[in-house]
file model01.csv (CSV, C-alpha atoms)
chain,number,residue,atom,x,y,z
A,1238,MET,CA,1.5,-7.9,-14.2
A,1239,VAL,CA,0.1,-7.3,-10.7
A,1240,TYR,CA,2.3,-7.2,-7.6
A,1241,VAL,CA,0.7,-7.8,-4.2
A,1242,VAL,CA,2.7,-6.6,-1.2
A,1243,HIS,CA,2.0,-7.2,2.5
A,1244,GLY,CA,2.5,-4.8,5.4
A,1245,PHE,CA,4.4,-4.5,8.7
A,1246,ASN,CA,4.8,-7.3,11.2
A,1247,VAL,CA,4.3,-10.2,8.8
A,1248,ASP,CA,6.8,-13.1,8.8
A,1249,ARG,CA,7.7,-14.9,5.6
A,1250,PRO,CA,5.5,-18.0,6.0
A,1251,SER,CA,2.5,-15.9,7.0
A,1252,GLY,CA,3.2,-13.5,4.1
A,1253,HIS,CA,3.3,-16.4,1.6
A,1254,GLU,CA,0.1,-17.8,2.9
A,1255,SER,CA,-1.9,-14.6,3.0
A,1256,LEU,CA,-0.7,-13.2,-0.3
A,1257,PHE,CA,-1.4,-16.5,-2.1
A,1258,ALA,CA,-4.9,-16.6,-0.7
A,1259,PHE,CA,-5.5,-12.9,-1.5
A,1260,ALA,CA,-4.1,-13.3,-5.1
A,1261,GLN,CA,-6.3,-16.3,-5.7
A,1262,ARG,CA,-9.3,-14.3,-4.7
A,1263,LEU,CA,-8.3,-11.5,-7.1
A,1264,ALA,CA,-7.6,-13.9,-9.9
A,1265,SER,CA,-11.1,-15.2,-9.8
A,1266,ARG,CA,-12.2,-11.7,-11.0
A,1267,THR,CA,-9.2,-11.0,-13.2
A,1268,PRO,CA,-8.2,-14.3,-14.8
A,1269,ASP,CA,-6.0,-12.8,-17.4
A,1270,ALA,CA,-3.8,-11.0,-14.9
A,1271,ALA,CA,-0.5,-12.5,-13.7
A,1272,TYR,CA,0.2,-12.0,-10.0
A,1273,VAL,CA,3.5,-11.8,-8.1
A,1274,ALA,CA,3.5,-12.0,-4.3
A,1275,VAL,CA,6.2,-9.8,-2.6
A,1276,THR,CA,7.3,-10.7,0.9
A,1277,TRP,CA,9.8,-8.4,2.6
A,1278,PRO,CA,11.4,-8.3,6.1
A,1279,GLY,CA,8.9,-6.0,7.8
A,1280,HIS,CA,8.9,-7.8,11.1
A,1281,SER,CA,11.2,-8.7,14.0
A,1282,TRP,CA,11.3,-10.6,17.3
A,1283,ALA,CA,10.1,-7.4,19.0
A,1284,GLY,CA,6.8,-7.5,17.2
A,1285,PRO,CA,4.9,-4.2,16.8
A,1286,ALA,CA,7.5,-2.5,19.0
A,1287,SER,CA,9.9,-2.6,16.1
A,1288,TYR,CA,7.7,-0.4,13.9
A,1289,PRO,CA,9.9,2.8,14.2
A,1290,LEU,CA,12.8,0.8,12.7
A,1291,GLU,CA,10.8,-0.8,9.9
A,1292,GLY,CA,10.7,2.2,7.6
A,1293,ASN,CA,14.3,1.6,6.7
A,1294,ASP,CA,13.5,-2.0,5.9
A,1295,ALA,CA,10.6,-0.8,3.7
A,1296,ASP,CA,12.9,1.6,1.9
A,1297,ASP,CA,15.6,-1.1,1.4
A,1298,SER,CA,13.0,-3.5,0.1
A,1299,ALA,CA,11.8,-0.8,-2.4
A,1300,VAL,CA,15.3,-0.7,-3.9
A,1301,GLU,CA,15.4,-4.5,-4.3
A,1302,LEU,CA,11.8,-4.6,-5.7
A,1303,ALA,CA,12.7,-2.0,-8.4
A,1304,ARG,CA,15.9,-3.9,-9.2
A,1305,PHE,CA,13.9,-7.1,-9.6
A,1306,ILE,CA,11.3,-5.5,-11.9
A,1307,ASP,CA,14.1,-4.0,-14.1
A,1308,ARG,CA,15.8,-7.4,-14.2
A,1309,VAL,CA,12.8,-9.6,-15.2
A,1310,HIS,CA,10.4,-7.3,-17.1
A,1311,PRO,CA,11.0,-5.9,-20.6
A,1312,ALA,CA,10.3,-2.2,-21.1
A,1313,GLY,CA,6.6,-1.6,-21.8
A,1314,THR,CA,5.3,-4.2,-19.4
A,1315,GLU,CA,2.2,-2.9,-17.7
A,1316,LEU,CA,2.4,-2.9,-13.9
A,1317,SER,CA,-0.2,-2.7,-11.2
A,1318,PHE,CA,0.2,-3.0,-7.4
A,1319,VAL,CA,-2.0,-4.0,-4.5
A,1320,THR,CA,-0.6,-3.1,-1.1
A,1321,HIS,CA,-1.5,-3.4,2.6
A,1322,SER,CA,-0.2,-1.1,5.4
A,1323,LEU,CA,3.5,-0.4,5.2
A,1324,GLY,CA,3.6,-2.2,1.8
A,1325,ALA,CA,2.5,1.1,0.3
A,1326,ARG,CA,5.9,2.6,1.2
A,1327,VAL,CA,7.7,-0.3,-0.4
A,1328,VAL,CA,5.7,0.1,-3.6
A,1329,LEU,CA,5.9,3.9,-3.9
A,1330,GLY,CA,9.6,3.7,-3.1
A,1331,ALA,CA,10.1,1.2,-5.9
A,1332,VAL,CA,8.2,3.3,-8.4
A,1333,ARG,CA,10.5,6.2,-7.5
A,1334,ARG,CA,13.4,4.1,-8.6
A,1335,LEU,CA,12.0,2.9,-11.9
A,1336,ALA,CA,12.8,4.9,-15.0
A,1337,PRO,CA,9.9,7.2,-15.9
A,1338,GLY,CA,8.0,5.8,-18.9
A,1339,ARG,CA,9.8,2.4,-18.9
A,1340,TYR,CA,6.8,0.6,-17.5
A,1341,PRO,CA,3.2,1.8,-17.8
A,1342,LEU,CA,1.9,2.1,-14.3
A,1343,THR,CA,-1.8,1.4,-14.5
A,1344,GLU,CA,-3.3,0.8,-11.1
A,1345,VAL,CA,-2.1,1.2,-7.5
A,1346,CYS,CA,-4.5,0.0,-4.8
A,1347,THR,CA,-3.5,0.9,-1.2
A,1348,MET,CA,-5.4,-0.7,1.7
A,1349,ALA,CA,-4.8,0.7,5.2
A,1350,ALA,CA,-1.7,2.5,3.8
A,1351,ALA,CA,0.8,3.3,6.6
A,1352,VAL,CA,2.2,6.4,4.9
A,1353,ASP,CA,1.4,10.0,5.7
A,1354,ASP,CA,-1.9,11.3,4.6
A,1355,PHE,CA,-0.3,14.3,2.9
A,1356,SER,CA,2.4,12.2,1.1
A,1357,VAL,CA,0.4,11.9,-2.1
A,1358,SER,CA,0.3,15.7,-2.4
A,1359,ILE,CA,3.8,17.0,-1.7
A,1360,PRO,CA,6.7,16.7,-4.1
A,1361,SER,CA,9.2,15.8,-1.3
A,1362,ALA,CA,7.1,12.6,-0.5
A,1363,TYR,CA,5.3,10.6,-3.2
A,1364,ARG,CA,3.4,13.1,-5.4
A,1365,ALA,CA,5.6,12.4,-8.5
A,1366,GLU,CA,5.2,8.6,-8.0
A,1367,VAL,CA,1.4,9.0,-7.6
A,1368,GLU,CA,1.1,11.1,-10.7
A,1369,ARG,CA,2.8,8.4,-12.8
A,1370,ALA,CA,0.0,6.0,-12.2
A,1371,GLY,CA,-3.2,5.8,-14.1
A,1372,ARG,CA,-5.0,5.7,-10.8
A,1373,VAL,CA,-4.2,5.4,-7.1
A,1374,ALA,CA,-7.1,3.9,-5.2
A,1375,VAL,CA,-7.0,4.5,-1.5
A,1376,LEU,CA,-9.1,2.3,0.8
A,1377,ALA,CA,-9.2,3.8,4.3
A,1378,SER,CA,-11.0,3.1,7.7
A,1379,GLU,CA,-11.3,5.3,10.7
A,1380,ARG,CA,-12.0,2.2,12.8
A,1381,ASP,CA,-8.4,1.1,12.3
A,1382,ALA,CA,-6.9,1.3,15.8
A,1383,VAL,CA,-3.4,0.6,14.6
A,1384,LEU,CA,-3.4,3.6,12.2
A,1385,ARG,CA,-5.3,5.8,14.7
A,1386,LEU,CA,-3.1,5.1,17.7
A,1387,ALA,CA,0.2,3.4,16.8
A,1388,TYR,CA,0.9,5.1,13.5
A,1389,PRO,CA,1.3,8.7,14.9
A,1390,LEU,CA,3.5,7.4,17.8
A,1391,GLY,CA,5.7,5.4,15.4
A,1392,ASP,CA,6.0,8.4,13.1
A,1393,PHE,CA,7.2,10.6,15.9
A,1394,LEU,CA,9.7,8.0,17.1
A,1395,GLN,CA,11.1,7.5,13.6
A,1396,SER,CA,11.7,11.3,13.4
A,1397,PHE,CA,13.4,11.2,16.8
A,1398,LEU,CA,15.6,8.2,16.1
A,1399,PHE,CA,16.6,9.2,12.6
A,1400,PHE,CA,16.5,13.0,12.9
A,1401,TRP,CA,13.8,13.4,10.2
A,1402,LYS,CA,11.8,16.5,10.0
A,1403,ASP,CA,8.4,15.4,10.9
A,1404,VAL,CA,5.1,16.9,9.7
A,1405,PRO,CA,2.3,15.9,12.0
A,1406,GLY,CA,-0.4,13.9,10.4
A,1407,LEU,CA,-2.4,10.7,10.4
A,1408,ALA,CA,-2.1,7.8,8.0
A,1409,LEU,CA,-3.3,7.8,4.4
A,1410,GLY,CA,-5.1,4.5,5.2
A,1411,TYR,CA,-7.0,6.1,8.2
A,1412,HIS,CA,-8.9,8.9,6.7
A,1413,GLY,CA,-7.6,9.2,3.2
A,1414,PRO,CA,-5.4,11.8,1.4
A,1415,ARG,CA,-4.9,15.3,2.7
A,1416,ALA,CA,-3.9,18.2,0.5
A,1417,ALA,CA,-0.7,20.1,1.4
A,1418,PRO,CA,-0.5,23.9,1.3
A,1419,ASN,CA,-0.8,25.0,-2.3
A,1420,ARG,CA,-0.7,21.4,-3.4
A,1421,PRO,CA,-4.1,19.8,-4.2
A,1422,ILE,CA,-4.6,16.1,-4.1
A,1423,PRO,CA,-3.7,14.7,-7.6
A,1424,ALA,CA,-6.7,14.1,-9.8
A,1425,ASN,CA,-5.9,10.4,-10.3
A,1426,VAL,CA,-6.3,9.6,-6.6
A,1427,ARG,CA,-9.6,7.9,-5.8
A,1428,HIS,CA,-10.4,7.8,-2.1
A,1429,THR,CA,-12.9,5.2,-0.7
A,1430,GLN,CA,-13.7,5.5,3.0
A,1431,ILE,CA,-15.1,2.4,4.7
A,1432,PRO,CA,-18.2,3.3,6.6
A,1433,ARG,CA,-17.6,3.4,10.4
A,1434,ALA,CA,-20.5,1.1,10.9
A,1435,VAL,CA,-18.6,-1.6,9.1
A,1436,GLY,CA,-15.8,-1.4,11.6
A,1437,ALA,CA,-12.9,-2.5,9.4
A,1438,GLY,CA,-9.7,-2.9,11.5
A,1439,HIS,CA,-6.1,-3.2,10.4
A,1440,GLY,CA,-6.4,-7.0,10.0
A,1441,ASP,CA,-9.6,-6.8,7.8
A,1442,TYR,CA,-7.8,-6.7,4.5
A,1443,LEU,CA,-5.4,-9.6,3.8
A,1444,PHE,CA,-6.3,-13.1,5.0
A,1445,SER,CA,-5.4,-16.8,4.9
A,1446,GLY,CA,-8.0,-19.5,4.8
A,1447,THR,CA,-11.6,-18.3,4.6
A,1448,PRO,CA,-11.9,-14.5,4.7
A,1449,ASN,CA,-14.3,-12.7,7.0
A,1450,ALA,CA,-16.9,-10.5,5.4
A,1451,ARG,CA,-14.8,-7.3,5.6
A,1452,GLN,CA,-11.8,-9.1,4.1
A,1453,ALA,CA,-13.9,-10.4,1.3
A,1454,ARG,CA,-15.1,-6.9,0.6
A,1455,ALA,CA,-11.5,-5.6,0.6
A,1456,ALA,CA,-10.5,-8.3,-1.9
A,1457,ALA,CA,-13.5,-7.4,-4.1
A,1458,PHE,CA,-12.5,-3.8,-4.0
A,1459,ALA,CA,-8.9,-4.6,-5.0
A,1460,ALA,CA,-10.1,-6.9,-7.8
A,1461,ALA,CA,-12.3,-4.1,-9.2
A,1462,VAL,CA,-9.3,-1.7,-9.1
A,1463,VAL,CA,-7.1,-4.2,-10.9
A,1464,ALA,CA,-9.8,-4.8,-13.4
A,1465,ARG,CA,-10.0,-1.1,-14.0
A,1466,ASP,CA,-13.6,-0.6,-13.0
A,1467,ALA,CA,-14.5,3.0,-13.2
A,1468,ALA,CA,-16.0,3.1,-9.7
A,1469,PRO,CA,-14.8,0.2,-7.5
A,1470,GLU,CA,-16.9,-0.3,-4.4
A,1471,TYR,CA,-16.2,-1.7,-1.0

call {"tool": "encode", "arguments": {"input": "model01.csv", "output": "structure tokens"}}
result
Amino acid sequence: MVYVVHGFNVDRPSGHESLFAFAQRLASRTPDAAYVAVTWPGHSWAGPASYPLEGNDADDSAVELARFIDRVHPAGTELSFVTHSLGARVVLGAVRRLAPGRYPLTEVCTMAAAVDDFSVSIPSAYRAEVERAGRVAVLASERDAVLRLAYPLGDFLQSFLFFWKDVPGLALGYHGPRAAPNRPIPANVRHTQIPRAVGAGHGDYLFSGTPNARQARAAAFAAAVVARDAAPEY
């Protein structure tokens, strides 16, 4: 069972359209897999300006996703996830709420993940969830202006608004995972950095209609992860 989750600032009709198109592309490579598209309320009338408030929506959506999985899947069902942007927070938060060992977690593919670069390494973030997976594949791009410019600002504003203790850093989906002090990156994390010459931006992953060349390469990468290829390529 493969769950595909969109990111921030995607309304429901757009989410349905893009996730369906993306899942169809993945299914052409993995015809035996069943796909579930997950839309969640990561948008508002304020558009990108609402980002500092969307972390709470992502966390609430994680709770509901975990409840859904527990309700519909019998124990032992193998789960994989493909995420874009803030969808990584939804998925990792859902994994946190699933009973360890109840569902084998095989593959987690994060594309342009809008979570902190050190979050895969430290126990107070997502290290335990990451280590439960067979593999966590991180696809990142330093040509992603949203993660380079807007993510650090949004991270700071979230800390200010909700009195969180902030640790400065960039996004996982910008330059990949970062080790924390005395905490190496887990061995099951595979980082693939998109070459700067390719120029992949934040919108060059999910798509509706005909994908551009970068979107097609992202879909091929995700399909290879879901298919458990040993060395998925972008």

call {"tool": "atom_distance", "arguments": {"input": "model01.csv", "atom1": "atom CA of A:Gly1410", "atom2": "atom CA of A:Phe1318"}}
result
15.6 Å

call {"tool": "closest_atom_pairs", "arguments": {"input": "model01.csv", "of": "stretch 1324-1361 of chain A", "to": "stretch 1449-1462 of chain A", "cutoff": "12 Å", "atoms": "only C-alpha atoms", "output": "tab-separated table"}}
result
residue	atom	partner	partner_atom	distance
A:Thr1343	CA	A:Val1462	CA	9.7
A:Glu1344	CA	A:Val1462	CA	6.8
A:Val1345	CA	A:Val1462	CA	7.9
A:Cys1346	CA	A:Ala1459	CA	6.4
A:Thr1347	CA	A:Ala1459	CA	8.6
A:Met1348	CA	A:Ala1455	CA	7.9
A:Ala1349	CA	A:Ala1455	CA	10.3

call {"tool": "write_last_selection", "arguments": {"input": "model01.csv", "atoms": "C-alpha atoms", "output": "CSV table (one decimal), in the frame of the given file"}}
result
chain,number,residue,atom,x,y,z
A,1343,THR,CA,-1.8,1.4,-14.5
A,1344,GLU,CA,-3.3,0.8,-11.1
A,1345,VAL,CA,-2.1,1.2,-7.5
A,1346,CYS,CA,-4.5,0.0,-4.8
A,1347,THR,CA,-3.5,0.9,-1.2
A,1348,MET,CA,-5.4,-0.7,1.7
A,1349,ALA,CA,-4.8,0.7,5.2

call {"tool": "residues_near_point", "arguments": {"input": "model01.csv", "point": "(-18.1, 5.5, 9.0)", "cutoff": "12 Å", "atoms": "only C-alpha atoms", "output": "number ranges by chain"}}
result
A: 1377-1381, 1411-1412, 1429-1437

call {"tool": "write_last_selection", "arguments": {"input": "model01.csv", "atoms": "C-alpha atoms", "output": "PDB file, in the coordinates of the input"}}
result
ATOM      1  CA  ALA A1377      -9.200   3.800   4.300  1.00  0.00           C
ATOM      2  CA  SER A1378     -11.000   3.100   7.700  1.00  0.00           C
ATOM      3  CA  GLU A1379     -11.300   5.300  10.700  1.00  0.00           C
ATOM      4  CA  ARG A1380     -12.000   2.200  12.800  1.00  0.00           C
ATOM      5  CA  ASP A1381      -8.400   1.100  12.300  1.00  0.00           C
ATOM      6  CA  TYR A1411      -7.000   6.100   8.200  1.00  0.00           C
ATOM      7  CA  HIS A1412      -8.900   8.900   6.700  1.00  0.00           C
ATOM      8  CA  THR A1429     -12.900   5.200  -0.700  1.00  0.00           C
ATOM      9  CA  GLN A1430     -13.700   5.500   3.000  1.00  0.00           C
ATOM     10  CA  ILE A1431     -15.100   2.400   4.700  1.00  0.00           C
ATOM     11  CA  PRO A1432     -18.200   3.300   6.600  1.00  0.00           C
ATOM     12  CA  ARG A1433     -17.600   3.400  10.400  1.00  0.00           C
ATOM     13  CA  ALA A1434     -20.500   1.100  10.900  1.00  0.00           C
ATOM     14  CA  VAL A1435     -18.600  -1.600   9.100  1.00  0.00           C
ATOM     15  CA  GLY A1436     -15.800  -1.400  11.600  1.00  0.00           C
ATOM     16  CA  ALA A1437     -12.900  -2.500   9.400  1.00  0.00           C
TER      17      ALA A1437
END

call {"tool": "atom_distance", "arguments": {"input": "model01.csv", "atom1": "atom CA of A:Ser1298", "atom2": "atom CA of A:Trp1277"}}
result
6.4 Å

call {"tool": "residues_around", "arguments": {"input": "model01.csv", "residues": "A:Ala1351", "least_positions_apart": "2", "cutoff": "6 Å", "atoms": "only C-alpha atoms", "output": "number ranges by chain"}}
result
A: 1322-1323, 1408

call {"tool": "closest_residue", "arguments": {"input": "model01.csv", "among": "A:Arg1249, A:Arg1266, A:His1428, A:Arg1308", "to": "A:Ala1464", "atoms": "only C-alpha atoms"}}
result
A:Arg1266

call {"tool": "closest_residue", "arguments": {"input": "model01.csv", "among": "A:Leu1443, A:Ala1468, A:Val1367, A:Ala1303", "to": "A:Ser1251", "atoms": "all atoms listed in the file"}}
result
A:Leu1443

call {"tool": "atom_distance", "arguments": {"input": "model01.csv", "atom1": "atom CA of A:Val1242", "atom2": "atom CA of A:Arg1420"}}
result
28.3 Å

call {"tool": "residues_around", "arguments": {"input": "model01.csv", "residues": "A:Ala1271", "least_positions_apart": "5", "cutoff": "9 Å", "atoms": "only C-alpha atoms", "output": "PDB file with C-alpha atoms, keeping the file's coordinate frame"}}
result
ATOM      1  CA  MET A1238       1.500  -7.900 -14.200  1.00  0.00           C
ATOM      2  CA  VAL A1239       0.100  -7.300 -10.700  1.00  0.00           C
ATOM      3  CA  TYR A1240       2.300  -7.200  -7.600  1.00  0.00           C
ATOM      4  CA  ALA A1264      -7.600 -13.900  -9.900  1.00  0.00           C
TER       5      ALA A1264
END

call {"tool": "closest_residue", "arguments": {"input": "model01.csv", "among": "A:Ala1416, A:Leu1386, A:Ala1331, A:Leu1316", "to": "A:Gly1371", "atoms": "only C-alpha atoms"}}
result
A:Leu1316

call {"tool": "residues_near_point", "arguments": {"input": "model01.csv", "point": "(3.8, -2.6, -17.4)", "cutoff": "12 Å", "atoms": "all atoms listed in the file", "output": "VMD selection string"}}
result
chain A and resid 1238 to 1240 1270 to 1271 1306 to 1307 1309 to 1318 1332 1335 to 1344 1369 to 1371

call {"tool": "closest_residue", "arguments": {"input": "model01.csv", "among": "A:Pro1250, A:Gly1244, A:Arg1304, A:Ala1258", "to": "A:Ser1445", "atoms": "only C-alpha atoms"}}
result
A:Ala1258

call {"tool": "closest_residue", "arguments": {"input": "model01.csv", "among": "A:Ala1382, A:Ala1299, A:Gly1446, A:Asp1466", "to": "A:Arg1262", "atoms": "only C-alpha atoms"}}
result
A:Gly1446

call {"tool": "closest_residue", "arguments": {"input": "model01.csv", "among": "A:Gly1440, A:Gly1252, A:Gly1330, A:Pro1469", "to": "A:Glu1366", "atoms": "all atoms listed in the file"}}
result
A:Gly1330
